[in-house]
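Coordinates as given in my_file18.txt (compact mmCIF, C-alpha atoms):
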# COMPACT_ATOMS: atom_id res chain seq x y z
CA MET A 110 288.92 285.62 272.98
CA ARG A 111 292.28 283.69 272.95
CA ALA A 112 293.18 285.07 276.41
CA THR A 113 289.81 283.90 277.78
CA LEU A 114 290.40 280.37 276.45
CA ILE A 115 293.90 280.14 278.05
CA ALA A 116 292.58 281.35 281.42
CA THR A 117 289.82 278.76 281.29
CA LEU A 118 292.28 275.89 280.61
CA PHE A 119 294.53 277.07 283.46
CA PHE A 120 291.74 276.99 286.00
CA LEU A 121 290.59 273.60 284.81
CA ALA A 122 294.13 272.14 285.33
CA VAL A 123 294.51 273.36 288.91
CA PRO A 124 291.89 271.05 290.57
CA VAL A 125 293.53 267.97 288.96
CA ALA A 126 296.89 268.72 290.59
CA ARG A 127 295.25 269.40 293.92
CA ALA A 128 293.43 266.09 293.74
CA ALA A 129 296.71 264.18 293.10
CA ASP A 130 298.37 265.65 296.17
CA ALA A 131 295.40 265.06 298.44
CA PRO A 132 296.23 261.48 299.66
CA GLN A 133 299.79 262.35 300.68
CA THR A 134 298.62 265.35 302.60
CA ALA A 135 295.95 263.35 304.34
CA GLY A 136 298.54 260.73 305.36
CA ARG A 137 300.89 263.20 306.87
CA THR A 138 298.22 265.10 308.75
CA ALA A 139 296.28 262.19 310.12
CA SER A 140 297.04 263.21 313.63
CA SER A 141 296.28 266.89 313.17
CA ASP A 142 293.36 268.97 311.95
CA SER A 143 292.74 268.51 308.22
CA VAL A 144 292.21 271.47 305.96
CA ILE A 145 290.22 270.95 302.80
CA GLU A 146 290.35 273.60 300.12
CA THR A 147 287.73 273.60 297.47
CA LEU A 148 288.20 275.49 294.23
CA GLU A 149 285.32 276.08 291.89
CA VAL A 150 285.66 277.30 288.34
CA LYS A 151 282.66 279.20 287.05
CA ARG A 152 282.14 280.70 283.67
CA GLU A 153 281.84 284.47 283.77
CA GLU A 154 278.52 285.68 282.54
CA ILE A 155 278.98 288.31 279.89
CA LYS A 156 275.98 290.48 279.46
CA ALA A 157 274.94 291.01 275.89
CA PRO A 158 274.97 294.63 274.78
CA GLU A 159 271.60 296.25 274.72
CA HIS A 160 272.02 297.69 271.25
CA GLU A 161 274.22 295.63 268.97
CA SER A 162 273.47 297.95 266.05
CA LEU A 163 274.85 300.96 267.94
CA ARG A 164 278.17 299.22 268.52
CA PHE A 165 278.27 298.36 264.81
CA LEU A 166 277.56 301.94 263.85
CA LYS A 167 280.22 303.19 266.25
CA ASP A 168 282.83 300.80 264.85
CA HIS A 169 281.95 301.71 261.27
CA ARG A 170 281.00 305.36 261.66
CA VAL A 171 283.56 306.45 259.05
CA PHE A 172 282.01 304.14 256.48
CA VAL A 173 278.47 305.23 257.36
CA ARG A 174 279.37 308.91 257.12
CA ALA A 175 280.98 308.34 253.74
CA GLN A 176 277.81 306.67 252.50
CA LEU A 177 275.61 309.45 253.86
CA ASP A 178 277.76 312.10 252.16
CA ARG A 179 276.97 310.47 248.84
CA LEU A 180 273.25 311.06 249.32
CA ARG A 181 271.68 314.07 247.67
CA THR A 182 268.13 315.38 247.89
CA GLN A 183 266.60 316.40 244.59
CA VAL A 184 263.13 317.97 244.41
CA THR A 185 261.44 318.31 241.05
CA ARG A 186 258.32 320.42 240.64
CA GLU A 187 256.23 320.41 237.51
CA HIS A 188 253.55 323.01 236.87
CA THR A 189 250.89 322.45 234.27
CA SER A 190 248.52 325.13 233.07
CA THR A 191 246.03 325.46 230.27
CA ALA A 192 245.35 328.48 228.14
CA GLU A 193 242.02 330.20 228.66
CA ILE A 194 240.15 332.41 226.24
CA LEU A 195 240.18 336.04 227.37
CA ASP A 196 237.06 338.07 226.74
CA ALA A 197 237.73 340.86 224.27
CA ARG A 198 235.59 343.16 226.42
CA TYR A 199 238.23 343.07 229.16
CA LEU A 200 240.91 344.21 226.71
CA LYS A 201 238.62 347.00 225.52
CA LEU A 202 238.01 348.12 229.10
CA GLN A 203 241.78 348.11 229.74
CA GLU A 204 242.37 350.29 226.68
CA MET A 205 239.64 352.67 227.79
CA SER A 206 241.12 352.86 231.29
CA ALA A 207 244.53 353.75 229.83
CA ALA A 208 242.94 356.39 227.58
CA ILE A 209 241.10 357.92 230.56
CA ALA A 210 244.34 358.06 232.59
CA ALA A 211 246.14 359.75 229.68
CA ALA A 212 243.30 362.25 229.30
CA GLN A 213 243.44 363.08 233.01
CA ASP A 214 247.18 363.69 232.78
CA THR A 215 246.67 365.95 229.77
CA VAL A 216 243.94 367.96 231.47
CA GLY A 217 246.02 368.24 234.63
CA SER A 218 249.05 369.57 232.77
CA ASP A 219 246.89 372.04 230.84
CA GLU A 220 245.30 373.30 234.05
CA ALA A 221 248.70 373.75 235.64
CA ARG A 222 249.92 375.65 232.60
CA ALA A 223 246.78 377.80 232.56
CA ALA A 224 247.25 378.64 236.24
CA GLN A 225 250.74 379.93 235.51
CA GLN A 226 249.56 382.09 232.64
CA SER A 227 247.78 384.85 234.52
CA LEU A 228 247.85 387.26 231.63
CA LEU A 229 247.62 386.70 227.87
CA CYS A 230 250.00 389.24 226.37
CA SER A 231 250.00 388.38 222.69
CA VAL A 232 248.09 386.82 219.86
CA THR A 233 250.40 383.80 220.04
CA GLU A 234 249.24 383.02 223.55
CA LEU A 235 245.64 383.32 222.38
CA GLY A 236 246.43 380.79 219.69
CA LYS A 237 247.89 378.43 222.29
CA LEU A 238 244.76 378.82 224.38
CA GLU A 239 242.60 377.99 221.39
CA THR A 240 244.72 374.92 220.72
CA THR A 241 244.27 373.83 224.32
CA LEU A 242 240.50 374.28 224.07
CA ASP A 243 240.42 372.22 220.87
CA ARG A 244 242.38 369.48 222.59
CA MET A 245 239.94 369.45 225.52
CA ASP A 246 237.03 369.30 223.06
CA SER A 247 238.65 366.31 221.40
CA LEU A 248 239.03 364.64 224.79
CA LEU A 249 235.35 365.24 225.49
CA VAL A 250 234.44 363.59 222.19
CA ASP A 251 236.56 360.55 223.10
CA GLU A 252 234.93 360.42 226.52
CA ARG A 253 231.47 360.54 224.94
CA ALA A 254 232.42 357.67 222.63
CA ARG A 255 233.56 355.59 225.60
CA LEU A 256 230.32 356.26 227.47
CA LEU A 257 228.30 355.23 224.43
CA TRP A 258 230.30 352.00 224.18
CA LEU A 259 229.70 351.25 227.84
CA GLU A 260 225.98 351.88 227.50
CA LYS A 261 225.79 349.66 224.42
CA ASP A 262 227.73 346.94 226.22
CA PHE A 263 225.46 347.18 229.25
CA LEU A 264 222.28 347.05 227.23
CA GLY A 265 223.62 344.25 225.05
CA HIS A 266 224.16 341.92 228.02
CA GLN A 267 220.79 342.41 229.68
CA GLU A 268 218.37 339.56 230.24
CA THR A 269 214.61 339.68 229.66
CA ALA A 270 213.12 340.72 233.00
CA LEU A 271 209.91 342.16 234.46
CA VAL A 272 209.69 344.69 237.28
CA ILE A 273 206.35 345.58 238.90
CA VAL A 274 205.98 348.70 241.02
CA ILE A 275 202.92 350.13 242.78
CA ARG A 276 201.84 353.60 243.79
CA GLY A 277 198.86 355.05 245.65
CA LEU A 278 196.44 353.47 248.11
CA PRO A 279 192.65 353.14 248.12
CA ALA A 280 190.81 355.71 250.19
CA LYS A 281 189.40 352.91 252.34
CA ASP A 282 189.88 349.19 252.89
CA VAL A 283 193.66 349.24 252.51
CA PRO A 284 194.81 345.78 251.27
CA SER A 285 197.19 343.69 253.37
CA SER A 286 198.93 342.01 250.42
CA ILE A 287 199.00 341.70 246.63
CA SER A 288 199.03 338.46 244.63
CA ILE A 289 200.42 338.13 241.09
CA ALA A 290 199.42 334.99 239.18
CA GLU A 291 200.36 333.70 235.73
CA GLU A 292 199.83 330.19 234.38
CA GLY A 293 199.38 328.58 237.78
CA GLU A 294 202.32 330.36 239.45
CA ILE A 295 201.21 332.74 242.22
CA THR A 296 203.38 335.23 244.09
CA HIS A 297 202.08 336.85 247.31
CA VAL A 298 203.64 340.16 248.35
CA PRO A 299 202.60 341.46 251.82
CA LEU A 300 202.41 345.21 252.44
CA SER A 301 204.05 346.31 255.68
CA ASP A 302 203.17 349.40 257.68
CA ALA A 303 206.25 351.13 256.28
CA ASP A 304 205.11 350.33 252.72
CA ARG A 305 201.63 351.72 253.39
CA ALA A 306 203.06 354.89 254.93
CA SER A 307 205.35 355.41 251.94
CA LEU A 308 202.54 354.82 249.44
CA ALA A 309 200.24 357.19 251.33
CA LYS A 310 202.87 359.95 250.90
CA GLY A 311 203.11 359.39 247.14
CA GLY A 312 206.03 356.97 247.13
CA ILE A 313 206.61 353.97 244.88
CA ALA A 314 207.24 350.39 246.07
CA GLN A 315 208.74 347.53 244.05
CA ILE A 316 206.87 344.26 244.58
CA TYR A 317 208.20 342.03 241.78
CA HIS A 318 211.47 341.57 239.84
CA GLU A 319 212.01 338.31 237.97
CA PHE A 320 213.39 337.00 234.68
CA VAL A 321 210.59 336.22 232.21
CA GLU A 322 210.24 334.78 228.74
CA PRO A 323 210.31 337.23 225.81
CA ARG A 324 206.61 336.99 224.87
CA THR A 325 203.18 338.36 225.72
CA HIS A 326 202.24 337.90 229.38
CA ALA A 327 198.78 337.97 230.97
CA LEU A 328 199.06 338.76 234.68
CA GLN A 329 196.24 338.42 237.20
CA VAL A 330 196.75 341.01 239.94
CA LYS A 331 194.52 340.71 243.02
CA LEU A 332 194.38 342.78 246.19
CA GLU A 333 194.03 340.64 249.33
CA GLY A 334 192.80 341.26 252.85
CA GLY A 335 189.34 342.09 254.22
CA ALA A 336 186.76 343.02 251.60
CA TRP A 337 189.28 342.65 248.77
CA ASP A 338 189.15 338.84 249.03
CA THR A 339 185.67 338.83 247.44
CA ARG A 340 186.55 341.11 244.52
CA PRO A 341 187.82 339.75 241.22
CA ALA A 342 191.40 339.99 240.05
CA SER A 343 192.60 342.48 237.44
CA VAL A 344 194.01 341.02 234.22
CA ILE A 345 196.87 343.01 232.71
CA THR A 346 198.42 342.05 229.38
CA LEU A 347 201.86 343.25 228.34
CA ASP A 348 204.69 342.35 225.95
CA ALA A 349 208.20 341.57 227.27
CA PRO A 350 210.79 342.18 224.48
CA ARG A 351 213.93 340.04 224.38
CA ASP A 352 216.94 341.36 226.33
CA ARG A 353 214.94 344.33 227.65
CA LEU A 354 213.85 345.38 231.11
CA THR A 355 210.06 345.80 231.23
CA PHE A 356 208.52 348.01 233.94
CA LEU A 357 204.83 347.70 234.95
CA GLU A 358 203.39 350.40 237.20
CA LEU A 359 200.10 349.75 239.02
CA ASP A 360 197.99 352.55 240.50
CA LEU A 361 196.16 351.14 243.53
CA SER A 362 194.19 354.33 244.09
CA SER A 363 191.98 353.39 241.10
CA ALA A 364 190.99 350.05 242.67
CA ALA A 365 188.19 351.60 244.71
CA THR A 366 186.39 352.91 241.61
CA THR A 367 187.03 350.07 239.13
CA LEU A 368 186.59 346.56 240.42
CA SER A 369 187.75 344.66 237.35
CA SER A 370 191.00 346.44 236.44
CA LEU A 371 193.76 348.70 237.73
CA ASN A 372 195.26 351.70 236.03
CA SER A 373 198.64 350.56 234.70
CA ARG A 374 201.55 351.97 232.73
CA VAL A 375 204.32 350.08 230.92
CA TRP A 376 207.75 351.30 229.84
CA TYR A 377 210.97 349.64 228.74
CA ARG A 378 214.68 350.03 229.35

Kindly present the structure from the file in structure tokens form.
Amino acid sequence: MRATLIATLFFLAVPVARAADAPQTAGRTASSDSVIETLEVKREEIKAPEHESLRFLKDHRVFVRAQLDRLRTQVTREHTSTAEILDARYLKLQEMSAAIAAAQDTVGSDEARAAQQSLLCSVTELGKLETTLDRMDSLLVDERARLLWLEKDFLGHQETALVIVIRGLPAKDVPSSISIAEEGEITHVPLSDADRASLAKGGIAQIYHEFVEPRTHALQVKLEGGAWDTRPASVITLDAPRDRLTFLELDLSSAATTLSSLNSRVWYR
């Protein structure tokens, strides 16, 4: 910047000296061609840098790198979880699964040992065989106990439900559908050609399976289609025990002889 200032002052001083010498030169060259020199001093236009910040970063890159080296990235993760109550049935099933695996290993080793013993040569070997049979009998007892526990667990978690199945068909005027009504709620179950063919061959078709209240139910069962629309419905009364599966079987082949009721059979599971 100092050098630029000195150069500017130098150029500004030159035109003053030229102007002082101008009259003498003009007097001496009055009879000849005059030469006029004109000097102009212009300020040099310095273009501003496009990115001042880049020049600053370049001049101070050592300082910037030192500051960046002091930065550290720290990530903290926190996991929260809550304890949940585990059903004791799952633990019981796990214990039973381990007992079954141990029993299978025992039976497998006994079978391998029995395959190697092709001939029983002494009373001692007979005693070993008897011990093996006793052990297998004990395993069968444990297996029976596990099956009983599973059955009890299955029956203990049942809901009160009603299942209605039908069998047989009238000799004539085969119905197109069956309606089941109770306390204003009506369910219509159509009979397809496949259902009729299966019933004609002695098969059984399920037409209803719903959860019901554990009480006495009065169902109105009516055959629909053709001449059956004019015949009254059959009223069937049954009890639905709590946490039991109630099955109601309807025999449609008796509908042609009895107009007011159908032959039915009830059993529980």

Find the residues near Asp251 of chain A: any atom within 10 Å, counting only C-alpha atoms, skip ones fewer than 5 places away on the same chain, and give them as an MDAnalysis selection string. chainID A and resid 205 208:209 212 245:246 256:257

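Among the candidates A:Ser206, A:Thr355, A:Thr346, A:Ser218, the residue lying nearest to Arg255 of chain A is A:Ser206 (atoms considered: all atoms listed in the file).
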
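Our summary of the geometry notes that atom CA of Ala207 of chain A is positioned 15.4 Å from atom CA of Trp258 of chain A.
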
The residue from A:Leu235, A:Leu259, A:Val274, A:Leu177 with the smallest atom-to-atom distance to Arg198 of chain A, counting all atoms listed in the file, is A:Leu259

What's the separation between atom CA of Asp302 of chain A and atom CA of Trp337 of chain A, in Å to one decimal place? 17.8 Å

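Minimum distance to Ile316 of chain A across A:Glu252, A:Asp304, A:Glu291, A:Glu260 (counting only C-alpha atoms) occurs at A:Asp304.
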
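Distances from A:Leu308, A:Ala349, A:Ile287, A:Leu271 to Lys331 of chain A were compared using all atoms listed in the file, and the smallest one belongs to A:Ile287.
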
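Among the candidate residues A:Arg276, A:Arg253, A:His169, A:Arg174, the one lying nearest to Ser363 of chain A is A:Arg276, with distances computed using only C-alpha atoms.
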
Residues within 10 Å of (213.4, 338.1, 224.4), counting all atoms listed in the file, listed as a short mmCIF file (atom, residue, chain, number, x, y, z; two decimals) with C-alpha atoms, in the frame of the given file:
data_model
loop_
_atom_site.label_atom_id
_atom_site.label_comp_id
_atom_site.auth_asym_id
_atom_site.auth_seq_id
_atom_site.Cartn_x
_atom_site.Cartn_y
_atom_site.Cartn_z
CA GLU A 268 218.37 339.56 230.24
CA THR A 269 214.61 339.68 229.66
CA ALA A 270 213.12 340.72 233.00
CA VAL A 321 210.59 336.22 232.21
CA GLU A 322 210.24 334.78 228.74
CA PRO A 323 210.31 337.23 225.81
CA ARG A 324 206.61 336.99 224.87
CA ASP A 348 204.69 342.35 225.95
CA ALA A 349 208.20 341.57 227.27
CA PRO A 350 210.79 342.18 224.48
CA ARG A 351 213.93 340.04 224.38
CA ASP A 352 216.94 341.36 226.33
CA ARG A 353 214.94 344.33 227.65
CA LEU A 354 213.85 345.38 231.11
#

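Nearest-residue note for Leu278 of chain A: choosing from A:Leu238, A:Ala254, A:Ile313, A:Leu248, the minimum distance belongs to A:Ile313, counting only C-alpha atoms.
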
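Protein and nucleic acid residues near (206.2, 346.0, 244.3) are Ile273, Val274, Ile275, Ala314, Gln315, Ile316 and Tyr317 of chain A, the criterion being any atom at most 6 Å away using only C-alpha atoms.
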
Please, what distance in Å, to one decimal, runs between atom CA of Val298 of chain A and atom CA of Ala280 of chain A? 20.2 Å

10 Å contact set for Ile295 of chain A, all atoms listed in the file, chain neighbours under 4 positions out, as a ChimeraX atom specification: /A:288-291,328-330

Written file, previous selection with C-alpha atoms, as a JSON list (two decimals), in the coordinates of the input:
[["chain", "number", "residue", "atom", "x", "y", "z"],
["A", 288, "SER", "CA", 199.03, 338.46, 244.63],
["A", 289, "ILE", "CA", 200.42, 338.13, 241.09],
["A", 290, "ALA", "CA", 199.42, 334.99, 239.18],
["A", 291, "GLU", "CA", 200.36, 333.70, 235.73],
["A", 328, "LEU", "CA", 199.06, 338.76, 234.68],
["A", 329, "GLN", "CA", 196.24, 338.42, 237.20],
["A", 330, "VAL", "CA", 196.75, 341.01, 239.94]]

Can you pull out every residue within 10 Å of Ile345 of chain A, counting all atoms listed in the file, but drop anything in the same chain fewer than 5 positions away, and send it as a short mmCIF file (atom, residue, chain, number, x, y, z; two decimals) with C-alpha atoms, in the frame of the given file?
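Saved as result-v5.cif:
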data_model
loop_
_atom_site.label_atom_id
_atom_site.label_comp_id
_atom_site.auth_asym_id
_atom_site.auth_seq_id
_atom_site.Cartn_x
_atom_site.Cartn_y
_atom_site.Cartn_z
CA HIS A 326 202.24 337.90 229.38
CA ALA A 327 198.78 337.97 230.97
CA LEU A 328 199.06 338.76 234.68
CA GLN A 329 196.24 338.42 237.20
CA VAL A 330 196.75 341.01 239.94
CA LEU A 357 204.83 347.70 234.95
CA LEU A 359 200.10 349.75 239.02
CA SER A 370 191.00 346.44 236.44
CA LEU A 371 193.76 348.70 237.73
CA ASN A 372 195.26 351.70 236.03
CA SER A 373 198.64 350.56 234.70
#
